[in-house]
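What's in query36.cif: mmCIF, C-alpha atoms and all ligand atoms
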data_target
#
loop_
_atom_site.label_atom_id
_atom_site.label_comp_id
_atom_site.auth_asym_id
_atom_site.auth_seq_id
_atom_site.Cartn_x
_atom_site.Cartn_y
_atom_site.Cartn_z
CA MET A 27 11.27 -13.24 55.45
CA LYS A 28 11.48 -10.20 53.35
CA GLY A 29 8.33 -8.22 52.73
CA ARG A 30 6.74 -8.66 49.36
CA GLU A 31 8.38 -6.27 47.01
CA PRO A 32 5.79 -4.36 45.12
CA GLY A 33 6.11 -5.12 41.45
CA LYS A 34 7.35 -2.34 39.31
CA VAL A 35 4.49 -0.77 37.51
CA GLU A 36 5.96 0.36 34.27
CA LEU A 37 4.81 3.48 32.57
CA ARG A 38 5.80 5.87 29.88
CA CYS A 39 6.25 9.15 31.65
CA PRO A 40 4.71 12.10 29.80
CA ALA A 41 6.89 14.53 31.74
CA CYS A 42 10.34 13.12 31.03
CA GLY A 43 9.38 10.96 28.04
CA ARG A 44 11.24 7.95 29.38
CA ASP A 45 10.18 4.42 30.15
CA SER A 46 9.85 4.67 33.87
CA TRP A 47 7.94 3.10 36.67
CA LEU A 48 5.52 4.24 39.25
CA LEU A 49 6.40 5.20 42.78
CA ARG A 50 3.64 5.10 45.31
CA LYS A 51 4.22 7.05 48.45
CA PRO A 52 1.60 7.37 51.13
CA THR A 53 0.82 10.94 51.91
CA TYR A 54 0.11 11.96 55.44
CA GLU A 55 -1.56 14.84 57.08
CA GLY A 56 -0.20 14.72 60.56
CA PHE A 57 -0.43 11.03 61.35
CA THR A 58 -3.39 10.35 59.16
CA LYS A 59 -2.79 8.77 55.82
CA THR A 60 -4.63 10.91 53.33
CA GLY A 61 -3.78 9.09 50.18
CA GLU A 62 -1.00 8.11 47.87
CA ALA A 63 1.33 10.22 45.86
CA LEU A 64 1.86 8.67 42.43
CA THR A 65 5.10 9.82 40.94
CA CYS A 66 7.48 8.98 38.15
CA ALA A 67 10.51 7.17 39.56
CA LEU A 68 12.88 8.96 37.22
CA CYS A 69 11.80 12.58 37.24
CA GLY A 70 9.39 12.78 40.13
CA HIS A 71 6.47 13.94 38.02
CA GLU A 72 3.39 13.57 40.13
CA PHE A 73 0.22 12.15 38.65
CA ALA A 74 -3.05 13.52 39.95
CA SER A 75 -4.75 10.16 39.72
CA GLU A 76 -4.14 6.65 38.44
CA ALA A 77 -6.45 7.39 35.55
CA GLU A 78 -3.89 9.67 33.96
CA ILE A 79 -0.91 7.37 34.25
CA PRO A 80 0.19 5.98 30.88
CA PHE A 81 0.79 2.42 32.04
CA LYS A 82 2.88 0.17 29.89
CA ASP A 83 1.59 -3.17 31.06
CA SER A 84 -1.38 -4.93 29.58
CA ARG A 85 -3.68 -4.45 32.51
CA LYS A 86 -4.80 -1.24 30.97
CA PRO A 87 -5.87 -1.20 27.37
CA GLN A 88 -3.70 0.95 25.20
CA VAL A 89 -5.51 4.09 24.32
CA PHE A 90 -5.37 4.87 20.67
CA SER A 91 -6.10 8.25 19.33
CA GLU A 92 -8.68 8.82 16.63
CA ASP A 93 -5.88 9.07 14.08
CA ASP A 94 -4.88 5.46 14.60
CA ARG A 95 -8.22 4.16 13.49
CA PRO A 96 -8.57 2.98 9.96
CA ARG A 97 -10.45 5.53 7.99
CA PRO A 98 -13.75 4.52 6.46
CA VAL A 99 -13.07 3.41 2.94
CA LYS A 100 -14.68 5.50 0.27
CA VAL A 101 -16.24 3.12 -2.18
CA PHE A 102 -15.90 5.33 -5.19
CA ARG A 103 -13.54 8.14 -5.85
CA GLU A 104 -15.31 11.23 -7.10
CA ASP A 105 -13.93 11.03 -10.62
CA GLU A 106 -14.87 7.35 -10.82
CA LYS A 107 -18.38 8.10 -9.71
CA GLY A 108 -18.52 10.72 -12.44
CA ARG A 109 -17.90 8.01 -15.06
CA MET A 110 -20.25 5.36 -13.79
CA CYS A 111 -22.66 3.85 -16.27
CA ARG A 112 -25.64 4.84 -14.17
CA TYR A 113 -24.82 8.48 -14.83
CA CYS A 114 -24.18 7.93 -18.53
CA ALA A 115 -26.47 9.16 -21.29
CA GLU A 116 -26.21 5.74 -22.97
CA TYR A 117 -27.28 3.85 -19.87
CA VAL A 118 -30.59 2.10 -20.46
CA VAL A 119 -32.50 0.46 -17.66
CA ASN A 120 -35.31 -1.93 -18.30
CA PRO A 121 -36.98 -4.35 -15.89
CA PHE A 122 -34.68 -7.23 -16.83
CA LEU A 123 -31.28 -5.77 -17.40
CA GLN A 124 -29.25 -2.65 -17.59
CA ARG A 125 -27.42 -2.07 -20.78
CA CYS A 126 -25.23 0.35 -22.60
CA GLY A 127 -26.89 1.93 -25.60
CA LEU A 128 -23.53 2.67 -27.12
CA HIS A 129 -21.86 -0.72 -26.84
CA HIS A 130 -25.05 -2.79 -26.85
CA CYS A 131 -23.91 -4.86 -23.94
CA GLU A 132 -25.12 -5.55 -20.46
CA VAL A 133 -23.67 -3.28 -17.82
CA GLN A 134 -23.90 -2.74 -14.13
CA ALA A 135 -24.90 0.63 -12.73
CA THR A 136 -21.53 0.84 -11.02
CA ASP A 137 -19.47 0.03 -14.11
CA THR A 138 -17.24 2.71 -15.46
CA CYS A 139 -16.63 3.25 -19.13
CA PRO A 140 -14.01 5.16 -21.12
CA HIS A 141 -16.76 6.30 -23.50
CA PHE A 142 -18.76 7.82 -20.70
CA LYS A 143 -21.12 10.54 -21.81
CA PRO A 144 -22.78 12.51 -19.03
CA LYS A 145 -26.51 12.10 -18.84
CA PRO A 146 -28.40 15.35 -19.33
CA PRO A 147 -30.02 16.55 -16.13
CA PRO A 148 -33.58 15.32 -15.72
CA LYS A 149 -36.23 17.72 -16.94
CA GLU A 150 -38.28 18.89 -14.04
CA ASN A 151 -40.75 21.15 -15.80
CA ALA A 152 -41.91 18.54 -18.23
CA GLY A 153 -45.46 19.93 -17.89
CA THR A 154 -45.00 22.95 -20.12
CA GLY A 155 -42.79 21.33 -22.72
CA GLU A 156 -40.85 24.59 -22.82
CA PRO A 157 -37.15 24.29 -22.16
CA ASN A 158 -36.29 26.21 -19.07
CA PRO A 159 -33.97 29.03 -20.18
CA PHE A 160 -32.47 29.21 -16.69
CA ARG A 161 -31.35 25.59 -16.80
CA LEU A 162 -28.10 24.61 -18.35
ZN ZN A 201 9.28 11.13 34.42
#

If you took the structure in this file and wrote it as structure tokens, what would it be?
Amino acid sequence: MKGREPGKVELRCPACGRDSWLLRKPTYEGFTKTGEALTCALCGHEFASEAEIPFKDSRKPQVFSEDDRPRPVKVFREDEKGRMCRYCAEYVVNPFLQRCGLHHCEVQATDTCPHFKPKPPPKENAGTGEPNPFRL
């Protein structure tokens, strides 16, 4: 009976760039087995440890780089945000509904409008009643 042939462990060799497989060779110091040399069968590239072998089979999860991840979706593009009703001078909020003072209709804060008019910045020094000359 023939000895069990070790299954080919397929890998993608980073040294030669080919689809290759792993060679395991016991390493000896004198007559003592000190470990295993893990090398590429095609080019002989030696891997320092199993952890750095790019296996092809499914026993190891494929490692994806950060770039492969879907990017978080930005909800609003900047220019869209700039035209949202909530930032519009005509946007009127009352306890029951939000409406557009220009079109006299109900709006959502996140609506955008072609007649968008930027809301003036909130007055912070309302105490004096004087317009702040340093504020645009
Ligand atoms: Zn190789």

Practice task
Kindly provide, as number ranges by chain, all nucleotide and amino acid residues lying within 6 Å of ligand ZN 201 (chain A), counting all atoms listed in the file.
Solution key: A: 39, 41-42, 66, 68-71

Selected residues written out, C-alpha atoms, as a JSON list (two decimals), keeping the file's coordinate frame:
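Contents of result_27.json, as written:
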[["chain", "number", "residue", "atom", "x", "y", "z"],
["A", 39, "CYS", "CA", 6.25, 9.15, 31.65],
["A", 41, "ALA", "CA", 6.89, 14.53, 31.74],
["A", 42, "CYS", "CA", 10.34, 13.12, 31.03],
["A", 66, "CYS", "CA", 7.48, 8.98, 38.15],
["A", 68, "LEU", "CA", 12.88, 8.96, 37.22],
["A", 69, "CYS", "CA", 11.80, 12.58, 37.24],
["A", 70, "GLY", "CA", 9.39, 12.78, 40.13],
["A", 71, "HIS", "CA", 6.47, 13.94, 38.02]]

Residue contacts of stretch 125-140 of chain A (7 Å, only C-alpha atoms) excluding same-chain residues fewer than 2 positions away, as number ranges by chain:
A: 106, 109-112, 116-119, 123, 142

So which residues touch A:Leu49 within 10 Å, counting only C-alpha atoms, skipping near sequence neighbours fewer than 4 positions away, as a count of residues only? 14

Record the distance separating atom CA of A:Glu76 and atom CA of A:Pro52, expressed in Å with one decimal.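 Atom-to-atom, atom CA of A:Glu76 and atom CA of A:Pro52 are spaced 13.9 Å apart.
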
Between atom CA of A:Asp45 and atom CA of A:Phe81, what distance in Å does the model show, to one decimal?
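Going from atom CA of A:Asp45 over to atom CA of A:Phe81, I get 9.8 Å.
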
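Going from atom CA of A:Ser46 over to atom CA of A:Thr60, you cover 25.0 Å.
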